[in-house]
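For reference, the structure is listed below as structure tokens.
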Amino acid sequence: MAGVAGRLARRWCRSAVRRPLKDLAICPNQETARQNYVDLVSSLTSSSESSTQVKPGADRGQQEYENLVVTSEDGITKIMFNRPTRKNAISTQMYQEIMLALKAASKDDSTITVVTGNGDYYCSGNDLANFTDIPPGGVEEKAKQSAIMLRDFVGTFIDFPKPLVAVVNGPAVGISVTILGLFDAVYASDRATFHTPFSHLGLSPEGCASYTFPKIMGPAKATEMLIFGKKLTAGEACAQGLVTEVFPDSTFQKEVWTRLKAYSKLPPNSMRISKQVIRNMEKEKLHAVNAEESSVLQERWLSDECINATMNFLSKKAKL
Ligand SMILES: CCCCCC/C=C/C(=O)SCCNC(=O)CCNC(=O)[C@H](O)C(C)(C)COP(=O)(O)OP(=O)(O)OC[C@H]1O[C@@H](n2cnc3c(N)ncnc32)[C@H](O)[C@@H]1OP(=O)(O)O
């Protein structure tokens, strides 16, 4: 395994050159109730003050990321996955970039944050080549590092303080589907599909889907997705409550962005506080679920079922 993995790693792994990223502090997401009240009243009573809190993107430079395009305009920060030739598969570096981009968005002056994909896919999930980059500590160490990264990655979505919207422009696979349960709205093109083939890959659910999916769609439908790997159309995902609304692909971008621009003009503090009210009771539970899922996956990654499925994909013997 180590020899094959090493050869595949050399073939697959990206250059070690990393573009430096600005060190971004995490914005405290728990203000005092008093401050929230003062902010909220200010935003509702003073339109001029509210507009200073939501500056359009003119004064914002575009942050440099290797695998994302992040822009901020009209009160909306857009985080776009940008590895279209890899169907926007999430590499190790990309997980880090997404976390940085979300942390930056959580404290910028936008009101809404949108996640979307560049090209024909929304995202094909975890980059299966991530597991070929074996550290000196071996596969056990790799599994441990991956579990920590996964827990941090999903935790960033759990804690995200503003309305978070997914604009699902095409097929979505794996972790890009499971974390949708942590978004506040999901708009999908009718070209999009939703696929979590964990059993096919010898894996188990992450992204808190083991908790959010049964809650959203009921245990029986969640089983079909998370255990049997049933791929849903956008219409099916909408009927089951995972997707907010489906649009024809021909008008998808225009319709969704028109709507989001209107929503972004709503008072930002009010939206943020409403999100807290809706989500905060669940946060502790979600972090516990995230920790448990990550720890179970740490074991799964070392299983023969998972290693064989990954090797089959990387050696071009299998696709979904
Ligand atoms: C480590 C931290 C956390 C891990 C969390 C656990 C996460 C779990 C998951 O996300 S499970 C889901 C994993 N994803 C997959 O299994 C998808 C694998 N990809 C495919 O089956 C297919 O590529 C496809 C169905 C998505 C698209 O098929 P097709 O339209 O025929 O395109 P290509 O296969 O030719 O794709 C183009 C190019 O991209 C490479 N690629 C696509 N997806 C991935 C991927 N997920 N990982 C690695 N590489 C991917 C594909 O191999 C092609 O490469 P090539 O041009 O042949 O070199």
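If you're wondering about the labels, chains in the structure tokens are A, B, ... by order shown, residues count from 1 in each chain, ligands from 1 in order shown.
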
Counting only C-alpha atoms and all ligand atoms, which residues of chain A fall within 7 Å of ligand 1, and what is the closest atom pair for each with its distance in Å at one decimal, ordered by chain and rising number, as a tab-separated table?
```
residue	atom	partner	partner_atom_place_in_ligand_line	distance
A:Thr85	CA	ligand 1	38 (C)	5.7
A:Arg86	CA	ligand 1	39 (O)	3.4
A:Lys87	CA	ligand 1	42 (C)	5.0
A:Ala89	CA	ligand 1	46 (N)	4.7
A:Thr92	CA	ligand 1	1 (C)	6.7
A:Ser124	CA	ligand 1	46 (N)	4.7
A:Gly125	CA	ligand 1	10 (O)	3.6
A:Asn126	CA	ligand 1	10 (O)	3.7
A:Asp127	CA	ligand 1	47 (N)	3.4
A:Leu128	CA	ligand 1	47 (N)	4.0
A:Ala129	CA	ligand 1	48 (C)	5.4
A:Asn130	CA	ligand 1	1 (C)	6.2
A:Ser146	CA	ligand 1	1 (C)	4.5
A:Ala147	CA	ligand 1	2 (C)	6.5
A:Met149	CA	ligand 1	2 (C)	6.0
A:Leu150	CA	ligand 1	3 (C)	4.7
A:Val173	CA	ligand 1	12 (C)	5.5
A:Gly174	CA	ligand 1	10 (O)	3.4
A:Ile175	CA	ligand 1	10 (O)	4.1
A:Ser176	CA	ligand 1	10 (O)	6.6
A:Thr196	CA	ligand 1	11 (S)	6.5
A:Pro197	CA	ligand 1	11 (S)	6.4
A:Phe198	CA	ligand 1	11 (S)	5.9
A:Leu201	CA	ligand 1	16 (O)	6.9
A:Glu206	CA	ligand 1	6 (C)	6.4
A:Lys319	CA	ligand 1	21 (O)	3.9
A:Leu320	CA	ligand 1	21 (O)	3.9
```

message: Which residues are near segment 248-264 of chain A? Cut-off 10 Å, only C-alpha atoms, ignore same chain within fewer than 2 positions. Put them as a list in words.
response: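 After dropping sequence-adjacent residues, the list is Val54, Glu73, Asp74, Gly75, Ile76, Ser110, Thr111, Ile112, Thr113, Val114, Pro163, Val165, Val167, Val168, Asn169, Gly170, Tyr187, Ala188, Ser189, Asp190, Arg191, Ala192, Glu245, Val246, Leu266, Pro267, Pro268 and Met271 of chain A.
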
Let me see the file: selected residues, N, CA, C and O atoms, as a tab-separated table (two decimals), in the first residue's frame.
```tsv
chain	number	residue	atom	x	y	z
A	54	VAL	N	-22.92	48.07	5.82
A	54	VAL	CA	-22.93	47.15	4.70
A	54	VAL	C	-22.37	47.87	3.48
A	54	VAL	O	-23.09	48.27	2.59
A	73	GLU	N	-19.42	42.06	-2.92
A	73	GLU	CA	-20.13	43.09	-3.69
A	73	GLU	C	-21.59	43.10	-3.27
A	73	GLU	O	-22.16	42.03	-2.98
A	74	ASP	N	-22.19	44.27	-3.28
A	74	ASP	CA	-23.62	44.40	-2.96
A	74	ASP	C	-23.99	43.75	-1.63
A	74	ASP	O	-25.07	43.14	-1.51
A	75	GLY	N	-23.09	43.81	-0.66
A	75	GLY	CA	-23.40	43.23	0.65
A	75	GLY	C	-23.30	41.71	0.70
A	75	GLY	O	-23.72	41.09	1.67
A	76	ILE	N	-22.75	41.11	-0.37
A	76	ILE	CA	-22.66	39.65	-0.42
A	76	ILE	C	-21.20	39.24	-0.61
A	76	ILE	O	-20.55	39.70	-1.55
A	110	SER	N	-20.11	42.41	4.87
A	110	SER	CA	-21.20	41.86	4.06
A	110	SER	C	-22.31	41.35	4.99
A	110	SER	O	-22.07	41.07	6.16
A	111	THR	N	-23.52	41.21	4.41
A	111	THR	CA	-24.63	40.73	5.23
A	111	THR	C	-24.88	39.24	5.04
A	111	THR	O	-25.38	38.57	5.93
A	112	ILE	N	-24.56	38.76	3.82
A	112	ILE	CA	-24.84	37.36	3.47
A	112	ILE	C	-23.57	36.76	2.88
A	112	ILE	O	-22.83	37.44	2.17
A	113	THR	N	-23.33	35.49	3.15
A	113	THR	CA	-22.20	34.80	2.54
A	113	THR	C	-22.74	33.67	1.66
A	113	THR	O	-23.64	32.92	2.09
A	114	VAL	N	-22.18	33.58	0.47
A	114	VAL	CA	-22.65	32.59	-0.51
A	114	VAL	C	-21.49	31.67	-0.87
A	114	VAL	O	-20.36	32.12	-1.07
A	163	PRO	N	-26.16	34.76	7.72
A	163	PRO	CA	-26.85	33.87	6.79
A	163	PRO	C	-25.87	33.31	5.75
A	163	PRO	O	-25.11	34.05	5.12
A	165	VAL	N	-25.55	30.89	2.43
A	165	VAL	CA	-26.39	30.38	1.34
A	165	VAL	C	-25.53	29.59	0.37
A	165	VAL	O	-24.46	30.05	-0.04
A	167	VAL	N	-25.26	28.22	-3.42
A	167	VAL	CA	-25.80	28.36	-4.78
A	167	VAL	C	-25.22	27.16	-5.56
A	167	VAL	O	-24.09	27.19	-6.03
A	168	VAL	N	-26.02	26.10	-5.64
A	168	VAL	CA	-25.52	24.81	-6.13
A	168	VAL	C	-25.72	24.77	-7.65
A	168	VAL	O	-26.79	24.46	-8.15
A	169	ASN	N	-24.63	25.08	-8.34
A	169	ASN	CA	-24.67	25.28	-9.80
A	169	ASN	C	-24.62	23.98	-10.59
A	169	ASN	O	-24.84	23.99	-11.81
A	170	GLY	N	-24.32	22.86	-9.94
A	170	GLY	CA	-24.20	21.59	-10.65
A	170	GLY	C	-24.12	20.46	-9.65
A	170	GLY	O	-24.39	20.65	-8.45
A	187	TYR	N	-30.00	27.08	-2.79
A	187	TYR	CA	-30.65	27.25	-4.09
A	187	TYR	C	-29.92	26.38	-5.10
A	187	TYR	O	-28.68	26.38	-5.15
A	188	ALA	N	-30.68	25.65	-5.91
A	188	ALA	CA	-30.04	24.69	-6.81
A	188	ALA	C	-30.52	24.85	-8.24
A	188	ALA	O	-31.71	25.11	-8.50
A	189	SER	N	-29.59	24.68	-9.16
A	189	SER	CA	-29.94	24.56	-10.57
A	189	SER	C	-30.61	23.19	-10.76
A	189	SER	O	-30.32	22.24	-10.03
A	190	ASP	N	-31.47	23.10	-11.77
A	190	ASP	CA	-32.11	21.79	-12.01
A	190	ASP	C	-31.11	20.79	-12.61
A	190	ASP	O	-31.45	19.62	-12.81
A	191	ARG	N	-29.87	21.23	-12.86
A	191	ARG	CA	-28.80	20.32	-13.29
A	191	ARG	C	-28.10	19.66	-12.09
A	191	ARG	O	-27.33	18.71	-12.25
A	192	ALA	N	-28.34	20.23	-10.91
A	192	ALA	CA	-27.62	19.74	-9.72
A	192	ALA	C	-28.14	18.37	-9.31
A	192	ALA	O	-29.31	18.04	-9.51
A	245	GLU	N	-35.00	25.87	-2.97
A	245	GLU	CA	-35.75	26.08	-4.22
A	245	GLU	C	-34.87	25.68	-5.41
A	245	GLU	O	-33.64	25.84	-5.37
A	246	VAL	N	-35.52	25.17	-6.45
A	246	VAL	CA	-34.81	24.76	-7.66
A	246	VAL	C	-35.19	25.71	-8.79
A	246	VAL	O	-36.35	26.10	-8.92
A	266	LEU	N	-31.52	43.59	3.59
A	266	LEU	CA	-32.23	43.51	4.87
A	266	LEU	C	-31.25	43.87	5.99
A	266	LEU	O	-30.03	43.72	5.85
A	267	PRO	N	-31.77	44.35	7.13
A	267	PRO	CA	-30.87	44.78	8.21
A	267	PRO	C	-29.96	43.63	8.67
A	267	PRO	O	-30.45	42.58	9.10
A	268	PRO	N	-28.66	43.85	8.58
A	268	PRO	CA	-27.72	42.75	8.84
A	268	PRO	C	-27.75	42.20	10.24
A	268	PRO	O	-27.67	40.99	10.45
A	271	MET	N	-30.73	39.96	10.78
A	271	MET	CA	-30.57	38.63	10.17
A	271	MET	C	-29.62	37.76	10.99
A	271	MET	O	-29.88	36.58	11.21
```

- prompt: Could you pull out the alpha helix (DSSP H) residues of segment 146-254 of chain A from DSSP and send them as a PyMOL selection string?
  reply: chain A and resi 146-158+175-178+209-217+219-226+234-239+252-254

query: Could you pull out all residues of segment 36-234 of chain A with a DSSP call of strand (DSSP E) and give them as a PyMOL selection string?
result: chain A and resi 68-73+76-81+112-117+164-168+172-173+185-189+193-195+232-233

Let me see the file: selected residues, N, CA, C and O atoms, as a compact mmCIF listing (two decimals), in the first residue's frame.
```
# COMPACT_ATOMS: atom_id res chain seq x y z
N LEU A 68 -9.82 29.11 -4.59
CA LEU A 68 -11.10 29.79 -4.41
C LEU A 68 -11.05 31.12 -5.12
O LEU A 68 -9.97 31.71 -5.24
N VAL A 69 -12.20 31.60 -5.53
CA VAL A 69 -12.32 33.02 -5.91
C VAL A 69 -13.28 33.63 -4.90
O VAL A 69 -14.42 33.17 -4.78
N VAL A 70 -12.79 34.60 -4.14
CA VAL A 70 -13.64 35.23 -3.13
C VAL A 70 -13.83 36.69 -3.51
O VAL A 70 -12.86 37.43 -3.70
N THR A 71 -15.09 37.09 -3.63
CA THR A 71 -15.40 38.48 -3.99
C THR A 71 -16.45 39.01 -3.02
O THR A 71 -17.18 38.23 -2.41
N SER A 72 -16.51 40.33 -2.93
CA SER A 72 -17.51 40.93 -2.04
C SER A 72 -18.13 42.12 -2.74
O SER A 72 -17.42 43.04 -3.13
N GLU A 73 -19.42 42.06 -2.92
CA GLU A 73 -20.13 43.09 -3.69
C GLU A 73 -21.59 43.10 -3.27
O GLU A 73 -22.16 42.03 -2.98
N ILE A 76 -22.75 41.11 -0.37
CA ILE A 76 -22.66 39.65 -0.42
C ILE A 76 -21.20 39.24 -0.61
O ILE A 76 -20.55 39.70 -1.55
N THR A 77 -20.70 38.40 0.27
CA THR A 77 -19.38 37.79 0.03
C THR A 77 -19.61 36.45 -0.62
O THR A 77 -20.36 35.61 -0.10
N LYS A 78 -18.99 36.29 -1.80
CA LYS A 78 -19.16 35.04 -2.56
C LYS A 78 -17.86 34.24 -2.49
O LYS A 78 -16.80 34.73 -2.86
N ILE A 79 -17.97 33.01 -2.01
CA ILE A 79 -16.81 32.10 -1.96
C ILE A 79 -17.05 31.04 -3.02
O ILE A 79 -17.98 30.23 -2.92
N MET A 80 -16.23 31.11 -4.08
CA MET A 80 -16.45 30.17 -5.20
C MET A 80 -15.33 29.14 -5.26
O MET A 80 -14.15 29.48 -5.37
N PHE A 81 -15.70 27.83 -5.20
CA PHE A 81 -14.72 26.77 -5.39
C PHE A 81 -14.15 26.92 -6.80
O PHE A 81 -14.90 27.05 -7.77
N ILE A 112 -24.56 38.76 3.82
CA ILE A 112 -24.84 37.36 3.47
C ILE A 112 -23.57 36.76 2.88
O ILE A 112 -22.83 37.44 2.17
N THR A 113 -23.33 35.49 3.15
CA THR A 113 -22.20 34.80 2.54
C THR A 113 -22.74 33.67 1.66
O THR A 113 -23.64 32.92 2.09
N VAL A 114 -22.18 33.58 0.47
CA VAL A 114 -22.65 32.59 -0.51
C VAL A 114 -21.49 31.67 -0.87
O VAL A 114 -20.36 32.12 -1.07
N VAL A 115 -21.78 30.38 -0.95
CA VAL A 115 -20.79 29.40 -1.42
C VAL A 115 -21.31 28.82 -2.73
O VAL A 115 -22.48 28.43 -2.83
N THR A 116 -20.44 28.77 -3.74
CA THR A 116 -20.84 28.24 -5.04
C THR A 116 -19.63 27.59 -5.72
O THR A 116 -18.54 27.56 -5.15
N GLY A 117 -19.84 27.04 -6.92
CA GLY A 117 -18.75 26.38 -7.63
C GLY A 117 -18.52 26.97 -9.01
O GLY A 117 -19.46 27.46 -9.64
N LEU A 164 -25.89 31.98 5.63
CA LEU A 164 -24.97 31.28 4.74
C LEU A 164 -25.80 30.55 3.69
O LEU A 164 -26.67 29.74 4.03
N VAL A 165 -25.55 30.89 2.43
CA VAL A 165 -26.39 30.38 1.34
C VAL A 165 -25.53 29.59 0.37
O VAL A 165 -24.46 30.05 -0.04
N ALA A 166 -26.01 28.40 -0.03
CA ALA A 166 -25.32 27.63 -1.08
C ALA A 166 -26.04 27.86 -2.40
O ALA A 166 -27.26 27.74 -2.47
N VAL A 167 -25.26 28.22 -3.42
CA VAL A 167 -25.80 28.36 -4.78
C VAL A 167 -25.22 27.16 -5.56
O VAL A 167 -24.09 27.19 -6.03
N VAL A 168 -26.02 26.10 -5.64
CA VAL A 168 -25.52 24.81 -6.13
C VAL A 168 -25.72 24.77 -7.65
O VAL A 168 -26.79 24.46 -8.15
N ALA A 172 -23.30 17.83 -6.82
CA ALA A 172 -22.60 17.96 -5.52
C ALA A 172 -22.42 16.56 -4.96
O ALA A 172 -23.33 15.73 -5.03
N VAL A 173 -21.22 16.31 -4.42
CA VAL A 173 -20.89 14.97 -3.94
C VAL A 173 -20.28 15.07 -2.53
O VAL A 173 -19.59 16.06 -2.21
N ALA A 185 -29.83 28.54 3.61
CA ALA A 185 -30.67 28.37 2.43
C ALA A 185 -29.82 27.70 1.35
O ALA A 185 -28.60 27.91 1.29
N VAL A 186 -30.47 26.88 0.53
CA VAL A 186 -29.76 26.16 -0.54
C VAL A 186 -30.57 26.34 -1.83
O VAL A 186 -31.69 25.84 -1.94
N TYR A 187 -30.00 27.08 -2.79
CA TYR A 187 -30.65 27.25 -4.09
C TYR A 187 -29.92 26.38 -5.10
O TYR A 187 -28.68 26.38 -5.15
N ALA A 188 -30.68 25.65 -5.91
CA ALA A 188 -30.04 24.69 -6.81
C ALA A 188 -30.52 24.85 -8.24
O ALA A 188 -31.71 25.11 -8.50
N SER A 189 -29.59 24.68 -9.16
CA SER A 189 -29.94 24.56 -10.57
C SER A 189 -30.61 23.19 -10.76
O SER A 189 -30.32 22.24 -10.03
N THR A 193 -27.22 17.57 -8.76
CA THR A 193 -27.60 16.32 -8.10
C THR A 193 -26.91 16.29 -6.75
O THR A 193 -25.95 17.04 -6.53
N PHE A 194 -27.39 15.42 -5.87
CA PHE A 194 -26.90 15.38 -4.49
C PHE A 194 -26.58 13.94 -4.14
O PHE A 194 -27.48 13.10 -4.10
N HIS A 195 -25.30 13.65 -3.91
CA HIS A 195 -24.84 12.27 -3.84
C HIS A 195 -23.86 12.11 -2.67
O HIS A 195 -22.85 12.83 -2.61
N LEU A 232 -29.79 11.99 -5.38
CA LEU A 232 -31.06 12.72 -5.54
C LEU A 232 -30.93 13.76 -6.65
O LEU A 232 -29.89 14.41 -6.78
N THR A 233 -32.03 13.93 -7.39
CA THR A 233 -32.10 15.07 -8.30
C THR A 233 -32.35 16.32 -7.45
O THR A 233 -32.73 16.22 -6.27
```

Selection: 9 Å around Leu102 of chain A, only C-alpha atoms, excl. self and same-chain fewer than 3 positions, as a PyMOL selection string: chain A and resi 79+97-99+105-107+113+156-157+160

Residues just named, written with N, CA and C atoms as a short mmCIF file (atom, residue, chain, number, x, y, z; two decimals), in the first residue's frame:
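As a result, part-v1.cif now contains:
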```
data_model
loop_
_atom_site.label_atom_id
_atom_site.label_comp_id
_atom_site.auth_asym_id
_atom_site.auth_seq_id
_atom_site.Cartn_x
_atom_site.Cartn_y
_atom_site.Cartn_z
N ILE A 79 -17.97 33.01 -2.01
CA ILE A 79 -16.81 32.10 -1.96
C ILE A 79 -17.05 31.04 -3.02
N GLU A 97 -8.18 26.94 2.94
CA GLU A 97 -8.59 28.21 2.32
C GLU A 97 -10.07 28.50 2.60
N ILE A 98 -10.90 27.46 2.55
CA ILE A 98 -12.34 27.67 2.81
C ILE A 98 -12.53 28.16 4.24
N MET A 99 -11.79 27.54 5.18
CA MET A 99 -11.91 27.98 6.58
C MET A 99 -11.49 29.45 6.72
N ALA A 105 -15.10 36.21 6.05
CA ALA A 105 -16.47 36.64 5.73
C ALA A 105 -17.28 36.88 7.00
N SER A 106 -16.98 36.12 8.05
CA SER A 106 -17.77 36.27 9.28
C SER A 106 -17.54 37.63 9.92
N LYS A 107 -16.41 38.27 9.59
CA LYS A 107 -16.16 39.58 10.22
C LYS A 107 -16.07 40.72 9.20
N THR A 113 -23.33 35.49 3.15
CA THR A 113 -22.20 34.80 2.54
C THR A 113 -22.74 33.67 1.66
N THR A 156 -16.29 25.23 11.54
CA THR A 156 -16.35 26.60 10.99
C THR A 156 -17.74 26.88 10.41
N PHE A 157 -18.35 25.86 9.81
CA PHE A 157 -19.72 26.04 9.29
C PHE A 157 -20.73 26.11 10.44
N PHE A 160 -20.63 29.58 11.93
CA PHE A 160 -20.69 30.74 11.04
C PHE A 160 -21.87 31.64 11.44
#
```

- request: Just the residues within 8 Å of Gln240 of chain A, please, counting only C-alpha atoms, with nothing from its chain fewer than 3 positions along; format it as number ranges by chain.
  value: A: 216-217, 221, 236-237, 243

query: What is the distance between atom CA of Glu292 of chain A and atom CA of Lys231 of chain A, in Å to one decimal?
result: 24.9 Å

message: One decimal, in Å: what's the spacing between atom CA of Leu180 of chain A and atom CA of Leu302 of chain A?
response: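 Distance reported for this atom pair: 26.5 Å.
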
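For the choices A:Val139, A:Leu297, A:Cys208, A:Met281, the atom-to-atom distance to Gly155 of chain A is smallest for A:Cys208 when using only C-alpha atoms.
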
Need to verify the contact set: Thr212 of chain A, 9 Å, only C-alpha atoms, exclusion of same-chain residues closer than 2 positions in sequence. Can you return it as a PDB file with C-alpha atoms, in the first residue's frame?
```
ATOM      1  CA  THR A 178     -23.483  16.853   3.945  1.00  0.00           C
ATOM      2  CA  GLY A 181     -27.539  20.808   6.410  1.00  0.00           C
ATOM      3  CA  LEU A 182     -25.560  23.586   8.136  1.00  0.00           C
ATOM      4  CA  GLY A 207     -20.624  17.307   8.107  1.00  0.00           C
ATOM      5  CA  CYS A 208     -23.168  16.576  10.891  1.00  0.00           C
ATOM      6  CA  ALA A 209     -25.361  14.837   8.304  1.00  0.00           C
ATOM      7  CA  SER A 210     -25.884  11.872  10.642  1.00  0.00           C
ATOM      8  CA  PRO A 214     -32.693  12.535   9.540  1.00  0.00           C
ATOM      9  CA  LYS A 215     -33.985  15.757  11.085  1.00  0.00           C
ATOM     10  CA  ILE A 216     -34.489  17.443   7.703  1.00  0.00           C
ATOM     11  CA  MET A 217     -35.882  14.547   5.653  1.00  0.00           C
ATOM     12  CA  LEU A 286     -23.769  19.817  16.406  1.00  0.00           C
TER      13      LEU A 286
END
```

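Closest approach to Pro171 of chain A among A:Glu141, A:Glu282, A:Asp120, A:Glu293: A:Asp120, based on only C-alpha atoms.
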
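In terms of minimum interatomic distance to Ser274 of chain A, A:Lys162 ranks closest within A:Lys162, A:Ile227, A:Gln96, A:Ile307, counting only C-alpha atoms.
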